[in-house]
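Participant: What follows is structure.cif; its format and atoms are mmCIF, N, CA, C and O atoms.
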```
data_run
#
loop_
_atom_site.label_atom_id
_atom_site.label_comp_id
_atom_site.auth_asym_id
_atom_site.auth_seq_id
_atom_site.Cartn_x
_atom_site.Cartn_y
_atom_site.Cartn_z
N MET X 1 -40.16 -31.68 -56.75
CA MET X 1 -41.18 -31.10 -57.60
C MET X 1 -41.96 -30.04 -56.81
O MET X 1 -42.29 -29.00 -57.36
N ASN X 2 -42.24 -30.32 -55.55
CA ASN X 2 -42.97 -29.35 -54.74
C ASN X 2 -42.20 -28.05 -54.57
O ASN X 2 -42.77 -26.96 -54.64
N GLN X 3 -40.88 -28.15 -54.36
CA GLN X 3 -40.07 -26.94 -54.21
C GLN X 3 -40.08 -26.14 -55.50
O GLN X 3 -40.21 -24.92 -55.48
N LEU X 4 -39.95 -26.81 -56.62
CA LEU X 4 -39.98 -26.14 -57.92
C LEU X 4 -41.33 -25.47 -58.12
O LEU X 4 -41.41 -24.31 -58.52
N PHE X 5 -42.40 -26.21 -57.83
CA PHE X 5 -43.73 -25.65 -58.00
C PHE X 5 -43.92 -24.41 -57.12
O PHE X 5 -44.40 -23.38 -57.59
N ASN X 6 -43.55 -24.49 -55.86
CA ASN X 6 -43.73 -23.36 -54.95
C ASN X 6 -42.94 -22.14 -55.41
O ASN X 6 -43.43 -21.02 -55.37
N TYR X 7 -41.70 -22.35 -55.84
CA TYR X 7 -40.88 -21.23 -56.30
C TYR X 7 -41.49 -20.58 -57.54
O TYR X 7 -41.70 -19.37 -57.57
N VAL X 8 -41.78 -21.37 -58.55
CA VAL X 8 -42.33 -20.84 -59.79
C VAL X 8 -43.71 -20.24 -59.54
O VAL X 8 -44.04 -19.17 -60.04
N HIS X 9 -44.51 -20.91 -58.73
CA HIS X 9 -45.85 -20.43 -58.39
C HIS X 9 -45.78 -19.06 -57.74
O HIS X 9 -46.48 -18.13 -58.14
N ASN X 10 -44.91 -18.88 -56.76
CA ASN X 10 -44.77 -17.59 -56.09
C ASN X 10 -44.28 -16.51 -57.04
O ASN X 10 -44.75 -15.37 -56.99
N CYS X 11 -43.36 -16.85 -57.92
CA CYS X 11 -42.87 -15.88 -58.91
C CYS X 11 -43.98 -15.46 -59.86
O CYS X 11 -44.14 -14.27 -60.16
N GLU X 12 -44.74 -16.42 -60.33
CA GLU X 12 -45.85 -16.13 -61.24
C GLU X 12 -46.89 -15.24 -60.57
O GLU X 12 -47.40 -14.30 -61.17
N LEU X 13 -47.23 -15.54 -59.33
CA LEU X 13 -48.22 -14.74 -58.61
C LEU X 13 -47.74 -13.31 -58.43
O LEU X 13 -48.49 -12.36 -58.65
N ARG X 14 -46.47 -13.15 -58.04
CA ARG X 14 -45.93 -11.80 -57.86
C ARG X 14 -45.88 -11.05 -59.18
O ARG X 14 -46.23 -9.86 -59.24
N THR X 15 -45.45 -11.70 -60.23
CA THR X 15 -45.35 -11.06 -61.54
C THR X 15 -46.71 -10.61 -62.04
O THR X 15 -46.85 -9.55 -62.64
N ALA X 16 -47.72 -11.42 -61.81
CA ALA X 16 -49.07 -11.12 -62.30
C ALA X 16 -49.90 -10.30 -61.30
O ALA X 16 -51.06 -10.02 -61.55
N ASN X 17 -49.28 -9.92 -60.19
CA ASN X 17 -49.99 -9.18 -59.14
C ASN X 17 -51.25 -9.91 -58.68
O ASN X 17 -52.32 -9.32 -58.56
N CYS X 18 -51.12 -11.20 -58.47
CA CYS X 18 -52.23 -12.03 -58.03
C CYS X 18 -51.93 -12.56 -56.63
O CYS X 18 -50.79 -12.68 -56.23
N GLU X 19 -52.99 -12.89 -55.92
CA GLU X 19 -52.83 -13.50 -54.61
C GLU X 19 -53.13 -14.99 -54.64
O GLU X 19 -52.64 -15.75 -53.82
N LEU X 20 -53.96 -15.40 -55.59
CA LEU X 20 -54.37 -16.80 -55.67
C LEU X 20 -54.00 -17.38 -57.03
O LEU X 20 -54.08 -16.71 -58.06
N PHE X 21 -53.65 -18.66 -57.03
CA PHE X 21 -53.28 -19.35 -58.26
C PHE X 21 -54.38 -19.26 -59.30
O PHE X 21 -54.13 -19.07 -60.48
N GLY X 22 -55.63 -19.38 -58.88
CA GLY X 22 -56.77 -19.35 -59.78
C GLY X 22 -56.97 -18.01 -60.48
O GLY X 22 -57.73 -17.92 -61.44
N GLN X 23 -56.29 -16.98 -60.02
CA GLN X 23 -56.40 -15.67 -60.66
C GLN X 23 -55.46 -15.52 -61.85
O GLN X 23 -55.58 -14.57 -62.61
N LEU X 24 -54.55 -16.47 -62.01
CA LEU X 24 -53.63 -16.41 -63.14
C LEU X 24 -54.35 -16.72 -64.44
O LEU X 24 -55.29 -17.53 -64.48
N ASP X 25 -53.88 -16.12 -65.52
CA ASP X 25 -54.39 -16.40 -66.85
C ASP X 25 -54.09 -17.86 -67.19
O ASP X 25 -53.04 -18.39 -66.81
N ILE X 26 -54.99 -18.52 -67.90
CA ILE X 26 -54.83 -19.95 -68.23
C ILE X 26 -53.54 -20.21 -68.99
O ILE X 26 -52.90 -21.24 -68.79
N SER X 27 -53.10 -19.28 -69.82
CA SER X 27 -51.85 -19.48 -70.56
C SER X 27 -50.65 -19.49 -69.61
O SER X 27 -49.68 -20.22 -69.83
N LYS X 28 -50.71 -18.71 -68.53
CA LYS X 28 -49.64 -18.72 -67.53
C LYS X 28 -49.61 -20.05 -66.78
O LYS X 28 -48.55 -20.59 -66.50
N ILE X 29 -50.80 -20.56 -66.48
CA ILE X 29 -50.89 -21.85 -65.79
C ILE X 29 -50.36 -22.96 -66.69
O ILE X 29 -49.57 -23.81 -66.26
N ASP X 30 -50.74 -22.95 -67.97
CA ASP X 30 -50.25 -23.95 -68.92
C ASP X 30 -48.73 -23.89 -69.02
O ASP X 30 -48.06 -24.92 -69.04
N SER X 31 -48.19 -22.68 -69.08
CA SER X 31 -46.74 -22.50 -69.16
C SER X 31 -46.06 -23.01 -67.90
O SER X 31 -45.00 -23.65 -67.96
N LEU X 32 -46.65 -22.75 -66.75
CA LEU X 32 -46.11 -23.21 -65.48
C LEU X 32 -46.09 -24.73 -65.42
O LEU X 32 -45.08 -25.34 -65.04
N VAL X 33 -47.18 -25.36 -65.82
CA VAL X 33 -47.25 -26.83 -65.82
C VAL X 33 -46.21 -27.40 -66.77
O VAL X 33 -45.47 -28.34 -66.42
N LYS X 34 -46.10 -26.84 -67.96
CA LYS X 34 -45.11 -27.33 -68.93
C LYS X 34 -43.69 -27.17 -68.38
O LYS X 34 -42.88 -28.09 -68.49
N THR X 35 -43.39 -26.02 -67.79
CA THR X 35 -42.06 -25.78 -67.22
C THR X 35 -41.73 -26.80 -66.15
O THR X 35 -40.62 -27.35 -66.11
N MET X 36 -42.69 -27.07 -65.27
CA MET X 36 -42.46 -28.05 -64.21
C MET X 36 -42.26 -29.45 -64.79
O MET X 36 -41.38 -30.19 -64.34
N CYS X 37 -43.07 -29.80 -65.77
CA CYS X 37 -42.95 -31.13 -66.38
C CYS X 37 -41.60 -31.30 -67.07
O CYS X 37 -40.93 -32.33 -66.91
N LEU X 38 -41.19 -30.31 -67.83
CA LEU X 38 -39.91 -30.40 -68.54
C LEU X 38 -38.74 -30.40 -67.57
O LEU X 38 -37.72 -31.07 -67.81
N ALA X 39 -38.86 -29.66 -66.46
CA ALA X 39 -37.80 -29.69 -65.44
C ALA X 39 -37.69 -31.09 -64.83
O ALA X 39 -36.60 -31.62 -64.64
N TRP X 40 -38.85 -31.70 -64.53
CA TRP X 40 -38.85 -33.05 -64.00
C TRP X 40 -38.21 -34.03 -64.98
O TRP X 40 -37.47 -34.93 -64.60
N ALA X 41 -38.47 -33.83 -66.26
CA ALA X 41 -38.03 -34.77 -67.29
C ALA X 41 -36.61 -34.51 -67.79
O ALA X 41 -36.11 -35.25 -68.63
N SER X 42 -35.96 -33.51 -67.25
CA SER X 42 -34.65 -33.09 -67.79
C SER X 42 -33.61 -34.19 -67.84
O SER X 42 -32.73 -34.18 -68.69
N ASP X 43 -33.69 -35.17 -66.96
CA ASP X 43 -32.71 -36.26 -66.97
C ASP X 43 -33.27 -37.56 -67.52
O ASP X 43 -32.65 -38.61 -67.41
N LYS X 44 -34.43 -37.49 -68.14
CA LYS X 44 -35.08 -38.71 -68.62
C LYS X 44 -34.77 -39.04 -70.09
O LYS X 44 -34.93 -40.16 -70.50
N CYS X 45 -34.38 -38.04 -70.87
CA CYS X 45 -34.05 -38.25 -72.27
C CYS X 45 -32.64 -37.75 -72.54
O CYS X 45 -32.14 -36.86 -71.85
N GLU X 46 -32.03 -38.32 -73.55
CA GLU X 46 -30.67 -37.92 -73.88
C GLU X 46 -30.61 -36.50 -74.43
O GLU X 46 -29.67 -35.77 -74.16
N TYR X 47 -31.64 -36.10 -75.17
CA TYR X 47 -31.65 -34.78 -75.79
C TYR X 47 -32.85 -33.97 -75.31
O TYR X 47 -33.98 -34.48 -75.33
N PRO X 48 -32.64 -32.71 -74.89
CA PRO X 48 -33.75 -31.87 -74.42
C PRO X 48 -34.86 -31.70 -75.45
O PRO X 48 -36.03 -31.68 -75.10
N ASN X 49 -34.51 -31.61 -76.73
CA ASN X 49 -35.53 -31.45 -77.77
C ASN X 49 -36.45 -32.66 -77.83
O ASN X 49 -37.63 -32.54 -78.14
N GLU X 50 -35.91 -33.83 -77.53
CA GLU X 50 -36.71 -35.06 -77.53
C GLU X 50 -37.76 -35.00 -76.42
O GLU X 50 -38.92 -35.35 -76.63
N THR X 51 -37.36 -34.52 -75.26
CA THR X 51 -38.29 -34.39 -74.14
C THR X 51 -39.43 -33.45 -74.49
O THR X 51 -40.59 -33.77 -74.28
N GLU X 52 -39.09 -32.30 -75.04
CA GLU X 52 -40.12 -31.32 -75.39
C GLU X 52 -41.00 -31.81 -76.52
O GLU X 52 -42.21 -31.59 -76.52
N SER X 53 -40.42 -32.51 -77.48
CA SER X 53 -41.20 -33.06 -78.59
C SER X 53 -42.21 -34.09 -78.09
O SER X 53 -43.37 -34.10 -78.51
N LEU X 54 -41.76 -34.96 -77.19
CA LEU X 54 -42.66 -35.95 -76.61
C LEU X 54 -43.76 -35.29 -75.78
O LEU X 54 -44.90 -35.73 -75.80
N TYR X 55 -43.41 -34.22 -75.07
CA TYR X 55 -44.42 -33.49 -74.29
C TYR X 55 -45.48 -32.91 -75.23
O TYR X 55 -46.67 -33.01 -74.96
N GLN X 56 -45.03 -32.34 -76.33
CA GLN X 56 -45.96 -31.77 -77.32
C GLN X 56 -46.90 -32.85 -77.85
O GLN X 56 -48.12 -32.67 -77.89
N LYS X 57 -46.32 -33.98 -78.21
CA LYS X 57 -47.11 -35.06 -78.81
C LYS X 57 -48.02 -35.75 -77.79
O LYS X 57 -49.21 -35.95 -78.05
N GLU X 58 -47.46 -36.10 -76.65
CA GLU X 58 -48.19 -36.92 -75.69
C GLU X 58 -49.10 -36.12 -74.75
O GLU X 58 -50.05 -36.68 -74.22
N VAL X 59 -48.82 -34.84 -74.54
CA VAL X 59 -49.63 -34.06 -73.62
C VAL X 59 -50.43 -32.99 -74.37
O VAL X 59 -51.67 -33.02 -74.37
N ILE X 60 -49.75 -32.07 -75.01
CA ILE X 60 -50.44 -30.94 -75.66
C ILE X 60 -51.41 -31.43 -76.73
O ILE X 60 -52.58 -31.05 -76.74
N ASP X 61 -50.92 -32.28 -77.62
CA ASP X 61 -51.78 -32.78 -78.70
C ASP X 61 -52.91 -33.65 -78.16
O ASP X 61 -54.04 -33.58 -78.66
N ALA X 62 -52.62 -34.45 -77.15
CA ALA X 62 -53.65 -35.31 -76.56
C ALA X 62 -54.75 -34.47 -75.91
O ALA X 62 -55.94 -34.75 -76.09
N VAL X 63 -54.36 -33.43 -75.17
CA VAL X 63 -55.34 -32.56 -74.53
C VAL X 63 -56.16 -31.82 -75.58
O VAL X 63 -57.38 -31.68 -75.45
N ALA X 64 -55.50 -31.39 -76.65
CA ALA X 64 -56.21 -30.71 -77.74
C ALA X 64 -57.24 -31.63 -78.39
O ALA X 64 -58.25 -31.17 -78.92
N SER X 65 -56.98 -32.93 -78.32
CA SER X 65 -57.90 -33.92 -78.89
C SER X 65 -58.96 -34.38 -77.89
O SER X 65 -59.74 -35.28 -78.19
N GLY X 66 -58.95 -33.79 -76.69
CA GLY X 66 -59.99 -34.09 -75.72
C GLY X 66 -59.57 -34.95 -74.55
O GLY X 66 -60.40 -35.26 -73.68
N ALA X 67 -58.31 -35.35 -74.48
CA ALA X 67 -57.85 -36.18 -73.37
C ALA X 67 -57.77 -35.35 -72.08
O ALA X 67 -57.60 -34.13 -72.11
N ASP X 68 -57.90 -36.03 -70.96
CA ASP X 68 -57.74 -35.40 -69.66
C ASP X 68 -56.27 -35.01 -69.48
O ASP X 68 -55.37 -35.83 -69.71
N GLU X 69 -56.03 -33.77 -69.05
CA GLU X 69 -54.66 -33.27 -68.94
C GLU X 69 -53.83 -34.06 -67.93
O GLU X 69 -52.69 -34.43 -68.22
N LEU X 70 -54.37 -34.33 -66.77
CA LEU X 70 -53.61 -35.08 -65.76
C LEU X 70 -53.30 -36.50 -66.23
O LEU X 70 -52.20 -37.00 -65.99
N ALA X 71 -54.25 -37.12 -66.90
CA ALA X 71 -54.02 -38.47 -67.42
C ALA X 71 -52.94 -38.44 -68.50
O ALA X 71 -52.08 -39.32 -68.56
N ALA X 72 -52.97 -37.42 -69.35
CA ALA X 72 -51.97 -37.29 -70.42
C ALA X 72 -50.58 -37.06 -69.83
O ALA X 72 -49.59 -37.66 -70.28
N ILE X 73 -50.49 -36.20 -68.81
CA ILE X 73 -49.20 -35.94 -68.17
C ILE X 73 -48.69 -37.20 -67.49
O ILE X 73 -47.51 -37.55 -67.60
N SER X 74 -49.57 -37.90 -66.81
CA SER X 74 -49.18 -39.14 -66.14
C SER X 74 -48.67 -40.17 -67.13
O SER X 74 -47.65 -40.83 -66.89
N ALA X 75 -49.36 -40.32 -68.25
CA ALA X 75 -48.92 -41.28 -69.28
C ALA X 75 -47.57 -40.88 -69.87
O ALA X 75 -46.70 -41.72 -70.10
N TRP X 76 -47.38 -39.57 -70.10
CA TRP X 76 -46.12 -39.06 -70.63
C TRP X 76 -44.98 -39.35 -69.64
O TRP X 76 -43.91 -39.80 -70.03
N MET X 77 -45.24 -39.10 -68.35
CA MET X 77 -44.22 -39.35 -67.33
C MET X 77 -43.87 -40.83 -67.27
O MET X 77 -42.69 -41.20 -67.18
N GLN X 78 -44.89 -41.67 -67.33
CA GLN X 78 -44.67 -43.12 -67.31
C GLN X 78 -43.85 -43.55 -68.52
O GLN X 78 -42.94 -44.37 -68.40
N GLN X 79 -44.16 -43.00 -69.68
CA GLN X 79 -43.42 -43.33 -70.90
C GLN X 79 -41.94 -42.95 -70.76
O GLN X 79 -41.07 -43.73 -71.11
N LEU X 80 -41.68 -41.76 -70.21
CA LEU X 80 -40.28 -41.34 -70.03
C LEU X 80 -39.55 -42.22 -69.02
O LEU X 80 -38.39 -42.57 -69.24
N GLN X 81 -40.21 -42.60 -67.95
CA GLN X 81 -39.59 -43.45 -66.95
C GLN X 81 -39.29 -44.83 -67.51
O GLN X 81 -38.24 -45.41 -67.26
N THR X 82 -40.21 -45.35 -68.30
CA THR X 82 -40.03 -46.66 -68.93
C THR X 82 -38.88 -46.61 -69.93
O THR X 82 -38.05 -47.51 -69.98
N THR X 83 -38.84 -45.55 -70.72
CA THR X 83 -37.77 -45.38 -71.70
C THR X 83 -36.41 -45.29 -71.02
O THR X 83 -35.46 -45.93 -71.44
N LYS X 84 -36.34 -44.51 -69.94
CA LYS X 84 -35.08 -44.36 -69.22
C LYS X 84 -34.66 -45.68 -68.59
O LYS X 84 -33.50 -46.05 -68.65
N ALA X 85 -35.60 -46.40 -68.00
CA ALA X 85 -35.30 -47.68 -67.37
C ALA X 85 -34.78 -48.68 -68.40
O ALA X 85 -33.87 -49.46 -68.11
N GLY X 86 -35.34 -48.64 -69.60
CA GLY X 86 -34.90 -49.55 -70.66
C GLY X 86 -33.53 -49.20 -71.20
O GLY X 86 -32.82 -50.06 -71.71
N ALA X 87 -33.13 -47.94 -71.06
CA ALA X 87 -31.83 -47.49 -71.56
C ALA X 87 -30.71 -47.78 -70.58
O ALA X 87 -29.54 -47.74 -70.94
N VAL X 88 -31.06 -48.07 -69.32
CA VAL X 88 -30.04 -48.28 -68.29
C VAL X 88 -29.48 -49.66 -68.36
O VAL X 88 -29.98 -50.59 -68.75
#
```
Please go through the file and, once you have read it, give me the structure as C-alpha cells.

Facilitator:
Amino acid sequence: MNQLFNYVHNCELRTANCELFGQLDISKIDSLVKTMCLAWASDKCEYPNETESLYQKEVIDAVASGADELAAISAWMQQLQTTKAGAV
C-alpha cells in the first residue's frame, strides 16, 4: 500500500505542479484515496463492481452522512476481509 501511495502521490503532485500533498485540490485527494482503497480491495470481492459499490455505500455515503472518513474506510476494509475469509 505504501508503494502504491508513494507512486500515485508523486504522480499527482507532478501533474498538479505541487510540492506538498496539502496543496492538492480536495477532489484529487478524494480520488487518490478511492484509487488506493479499490486497488487494495481488488482481490477481496469476486466482481470489481461489487467492490466499488460497497465503497460507495460504506465510505462515500457514510462520510456524506457525517461519519469519520478513516473510521468508514476501516469498517469497509474490515467488512471486505470478513467477507473474503467467509468465502474461503

Participant: Edge lengths and centre in Å to one decimal, as lines of an AutoDock Vina configuration file, of the axis-aligned box that encloses all listed atoms of segment 48-64 of chain X with 8 Å added on every side?

Facilitator:
```
center_x = -45.4
center_y = -33.8
center_z = -76.3
size_x = 41.6
size_y = 22.2
size_z = 21.3
```

Participant: Check which residues satisfy the PyMOL selection byres (((chain X and resi 45 and name CA) around 12) and name CA) in the file shown, then give them as an MDAnalysis selection string.

Facilitator: chainID X and resid 38:44 46:55 77 79:88

Participant: Next, dump the selected residues to file, keeping only N, CA, C and O atoms, as a tab-separated table (two decimals), in the frame of the given file.

Facilitator:
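Dumped everything to out-v1.tsv:
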```
chain	number	residue	atom	x	y	z
X	38	LEU	N	-41.19	-30.31	-67.83
X	38	LEU	CA	-39.91	-30.40	-68.54
X	38	LEU	C	-38.74	-30.40	-67.57
X	38	LEU	O	-37.72	-31.07	-67.81
X	39	ALA	N	-38.86	-29.66	-66.46
X	39	ALA	CA	-37.80	-29.69	-65.44
X	39	ALA	C	-37.69	-31.09	-64.83
X	39	ALA	O	-36.60	-31.62	-64.64
X	40	TRP	N	-38.85	-31.70	-64.53
X	40	TRP	CA	-38.85	-33.05	-64.00
X	40	TRP	C	-38.21	-34.03	-64.98
X	40	TRP	O	-37.47	-34.93	-64.60
X	41	ALA	N	-38.47	-33.83	-66.26
X	41	ALA	CA	-38.03	-34.77	-67.29
X	41	ALA	C	-36.61	-34.51	-67.79
X	41	ALA	O	-36.11	-35.25	-68.63
X	42	SER	N	-35.96	-33.51	-67.25
X	42	SER	CA	-34.65	-33.09	-67.79
X	42	SER	C	-33.61	-34.19	-67.84
X	42	SER	O	-32.73	-34.18	-68.69
X	43	ASP	N	-33.69	-35.17	-66.96
X	43	ASP	CA	-32.71	-36.26	-66.97
X	43	ASP	C	-33.27	-37.56	-67.52
X	43	ASP	O	-32.65	-38.61	-67.41
X	44	LYS	N	-34.43	-37.49	-68.14
X	44	LYS	CA	-35.08	-38.71	-68.62
X	44	LYS	C	-34.77	-39.04	-70.09
X	44	LYS	O	-34.93	-40.16	-70.50
X	46	GLU	N	-32.03	-38.32	-73.55
X	46	GLU	CA	-30.67	-37.92	-73.88
X	46	GLU	C	-30.61	-36.50	-74.43
X	46	GLU	O	-29.67	-35.77	-74.16
X	47	TYR	N	-31.64	-36.10	-75.17
X	47	TYR	CA	-31.65	-34.78	-75.79
X	47	TYR	C	-32.85	-33.97	-75.31
X	47	TYR	O	-33.98	-34.48	-75.33
X	48	PRO	N	-32.64	-32.71	-74.89
X	48	PRO	CA	-33.75	-31.87	-74.42
X	48	PRO	C	-34.86	-31.70	-75.45
X	48	PRO	O	-36.03	-31.68	-75.10
X	49	ASN	N	-34.51	-31.61	-76.73
X	49	ASN	CA	-35.53	-31.45	-77.77
X	49	ASN	C	-36.45	-32.66	-77.83
X	49	ASN	O	-37.63	-32.54	-78.14
X	50	GLU	N	-35.91	-33.83	-77.53
X	50	GLU	CA	-36.71	-35.06	-77.53
X	50	GLU	C	-37.76	-35.00	-76.42
X	50	GLU	O	-38.92	-35.35	-76.63
X	51	THR	N	-37.36	-34.52	-75.26
X	51	THR	CA	-38.29	-34.39	-74.14
X	51	THR	C	-39.43	-33.45	-74.49
X	51	THR	O	-40.59	-33.77	-74.28
X	52	GLU	N	-39.09	-32.30	-75.04
X	52	GLU	CA	-40.12	-31.32	-75.39
X	52	GLU	C	-41.00	-31.81	-76.52
X	52	GLU	O	-42.21	-31.59	-76.52
X	53	SER	N	-40.42	-32.51	-77.48
X	53	SER	CA	-41.20	-33.06	-78.59
X	53	SER	C	-42.21	-34.09	-78.09
X	53	SER	O	-43.37	-34.10	-78.51
X	54	LEU	N	-41.76	-34.96	-77.19
X	54	LEU	CA	-42.66	-35.95	-76.61
X	54	LEU	C	-43.76	-35.29	-75.78
X	54	LEU	O	-44.90	-35.73	-75.80
X	55	TYR	N	-43.41	-34.22	-75.07
X	55	TYR	CA	-44.42	-33.49	-74.29
X	55	TYR	C	-45.48	-32.91	-75.23
X	55	TYR	O	-46.67	-33.01	-74.96
X	77	MET	N	-45.24	-39.10	-68.35
X	77	MET	CA	-44.22	-39.35	-67.33
X	77	MET	C	-43.87	-40.83	-67.27
X	77	MET	O	-42.69	-41.20	-67.18
X	79	GLN	N	-44.16	-43.00	-69.68
X	79	GLN	CA	-43.42	-43.33	-70.90
X	79	GLN	C	-41.94	-42.95	-70.76
X	79	GLN	O	-41.07	-43.73	-71.11
X	80	LEU	N	-41.68	-41.76	-70.21
X	80	LEU	CA	-40.28	-41.34	-70.03
X	80	LEU	C	-39.55	-42.22	-69.02
X	80	LEU	O	-38.39	-42.57	-69.24
X	81	GLN	N	-40.21	-42.60	-67.95
X	81	GLN	CA	-39.59	-43.45	-66.95
X	81	GLN	C	-39.29	-44.83	-67.51
X	81	GLN	O	-38.24	-45.41	-67.26
X	82	THR	N	-40.21	-45.35	-68.30
X	82	THR	CA	-40.03	-46.66	-68.93
X	82	THR	C	-38.88	-46.61	-69.93
X	82	THR	O	-38.05	-47.51	-69.98
X	83	THR	N	-38.84	-45.55	-70.72
X	83	THR	CA	-37.77	-45.38	-71.70
X	83	THR	C	-36.41	-45.29	-71.02
X	83	THR	O	-35.46	-45.93	-71.44
X	84	LYS	N	-36.34	-44.51	-69.94
X	84	LYS	CA	-35.08	-44.36	-69.22
X	84	LYS	C	-34.66	-45.68	-68.59
X	84	LYS	O	-33.50	-46.05	-68.65
X	85	ALA	N	-35.60	-46.40	-68.00
X	85	ALA	CA	-35.30	-47.68	-67.37
X	85	ALA	C	-34.78	-48.68	-68.40
X	85	ALA	O	-33.87	-49.46	-68.11
X	86	GLY	N	-35.34	-48.64	-69.60
X	86	GLY	CA	-34.90	-49.55	-70.66
X	86	GLY	C	-33.53	-49.20	-71.20
X	86	GLY	O	-32.82	-50.06	-71.71
X	87	ALA	N	-33.13	-47.94	-71.06
X	87	ALA	CA	-31.83	-47.49	-71.56
X	87	ALA	C	-30.71	-47.78	-70.58
X	87	ALA	O	-29.54	-47.74	-70.94
X	88	VAL	N	-31.06	-48.07	-69.32
X	88	VAL	CA	-30.04	-48.28	-68.29
X	88	VAL	C	-29.48	-49.66	-68.36
X	88	VAL	O	-29.98	-50.59	-68.75
```

Participant: Enumerate, as number ranges by chain, the residues matched when the PyMOL selection byres ((chain X and resi 73) around 8) is run on the file above.

Facilitator: X: 37, 55, 58-60, 63, 68-72, 74-80

Participant: Output segment 71-77 of chain X with all heavy atoms present, as a PDB file, keeping the file's coordinate frame.

Facilitator:
```pdb
ATOM      1  N   ALA X  71     -54.250 -37.120 -66.900  1.00  0.00           N
ATOM      2  CA  ALA X  71     -54.020 -38.470 -67.420  1.00  0.00           C
ATOM      3  C   ALA X  71     -52.940 -38.440 -68.500  1.00  0.00           C
ATOM      4  O   ALA X  71     -52.080 -39.320 -68.560  1.00  0.00           O
ATOM      5  CB  ALA X  71     -55.314 -39.050 -67.974  1.00  0.00           C
ATOM      6  N   ALA X  72     -52.970 -37.420 -69.350  1.00  0.00           N
ATOM      7  CA  ALA X  72     -51.970 -37.290 -70.420  1.00  0.00           C
ATOM      8  C   ALA X  72     -50.580 -37.060 -69.830  1.00  0.00           C
ATOM      9  O   ALA X  72     -49.590 -37.660 -70.280  1.00  0.00           O
ATOM     10  CB  ALA X  72     -52.345 -36.164 -71.371  1.00  0.00           C
ATOM     11  N   ILE X  73     -50.490 -36.200 -68.810  1.00  0.00           N
ATOM     12  CA  ILE X  73     -49.200 -35.940 -68.170  1.00  0.00           C
ATOM     13  C   ILE X  73     -48.690 -37.200 -67.490  1.00  0.00           C
ATOM     14  O   ILE X  73     -47.510 -37.550 -67.600  1.00  0.00           O
ATOM     15  CB  ILE X  73     -49.306 -34.768 -67.180  1.00  0.00           C
ATOM     16  CG1 ILE X  73     -49.501 -33.456 -67.941  1.00  0.00           C
ATOM     17  CG2 ILE X  73     -48.063 -34.686 -66.289  1.00  0.00           C
ATOM     18  CD1 ILE X  73     -49.835 -32.264 -67.061  1.00  0.00           C
ATOM     19  N   SER X  74     -49.570 -37.900 -66.810  1.00  0.00           N
ATOM     20  CA  SER X  74     -49.180 -39.140 -66.140  1.00  0.00           C
ATOM     21  C   SER X  74     -48.670 -40.170 -67.130  1.00  0.00           C
ATOM     22  O   SER X  74     -47.650 -40.830 -66.890  1.00  0.00           O
ATOM     23  CB  SER X  74     -50.375 -39.679 -65.357  1.00  0.00           C
ATOM     24  OG  SER X  74     -50.036 -40.857 -64.699  1.00  0.00           O
ATOM     25  N   ALA X  75     -49.360 -40.320 -68.250  1.00  0.00           N
ATOM     26  CA  ALA X  75     -48.920 -41.280 -69.280  1.00  0.00           C
ATOM     27  C   ALA X  75     -47.570 -40.880 -69.870  1.00  0.00           C
ATOM     28  O   ALA X  75     -46.700 -41.720 -70.100  1.00  0.00           O
ATOM     29  CB  ALA X  75     -49.981 -41.368 -70.386  1.00  0.00           C
ATOM     30  N   TRP X  76     -47.380 -39.570 -70.100  1.00  0.00           N
ATOM     31  CA  TRP X  76     -46.120 -39.060 -70.630  1.00  0.00           C
ATOM     32  C   TRP X  76     -44.980 -39.350 -69.640  1.00  0.00           C
ATOM     33  O   TRP X  76     -43.910 -39.800 -70.030  1.00  0.00           O
ATOM     34  CB  TRP X  76     -46.258 -37.561 -70.893  1.00  0.00           C
ATOM     35  CG  TRP X  76     -45.001 -36.836 -71.223  1.00  0.00           C
ATOM     36  CD1 TRP X  76     -44.325 -36.863 -72.418  1.00  0.00           C
ATOM     37  CD2 TRP X  76     -44.261 -35.970 -70.373  1.00  0.00           C
ATOM     38  NE1 TRP X  76     -43.227 -36.050 -72.350  1.00  0.00           N
ATOM     39  CE2 TRP X  76     -43.158 -35.496 -71.099  1.00  0.00           C
ATOM     40  CE3 TRP X  76     -44.427 -35.537 -69.068  1.00  0.00           C
ATOM     41  CZ2 TRP X  76     -42.225 -34.613 -70.568  1.00  0.00           C
ATOM     42  CZ3 TRP X  76     -43.501 -34.661 -68.532  1.00  0.00           C
ATOM     43  CH2 TRP X  76     -42.416 -34.209 -69.277  1.00  0.00           C
ATOM     44  N   MET X  77     -45.240 -39.100 -68.350  1.00  0.00           N
ATOM     45  CA  MET X  77     -44.220 -39.350 -67.330  1.00  0.00           C
ATOM     46  C   MET X  77     -43.870 -40.830 -67.270  1.00  0.00           C
ATOM     47  O   MET X  77     -42.690 -41.200 -67.180  1.00  0.00           O
ATOM     48  CB  MET X  77     -44.709 -38.851 -65.965  1.00  0.00           C
ATOM     49  CG  MET X  77     -44.824 -37.345 -65.884  1.00  0.00           C
ATOM     50  SD  MET X  77     -45.602 -36.779 -64.349  1.00  0.00           S
ATOM     51  CE  MET X  77     -44.182 -36.810 -63.261  1.00  0.00           C
TER      52      MET X  77
END
```
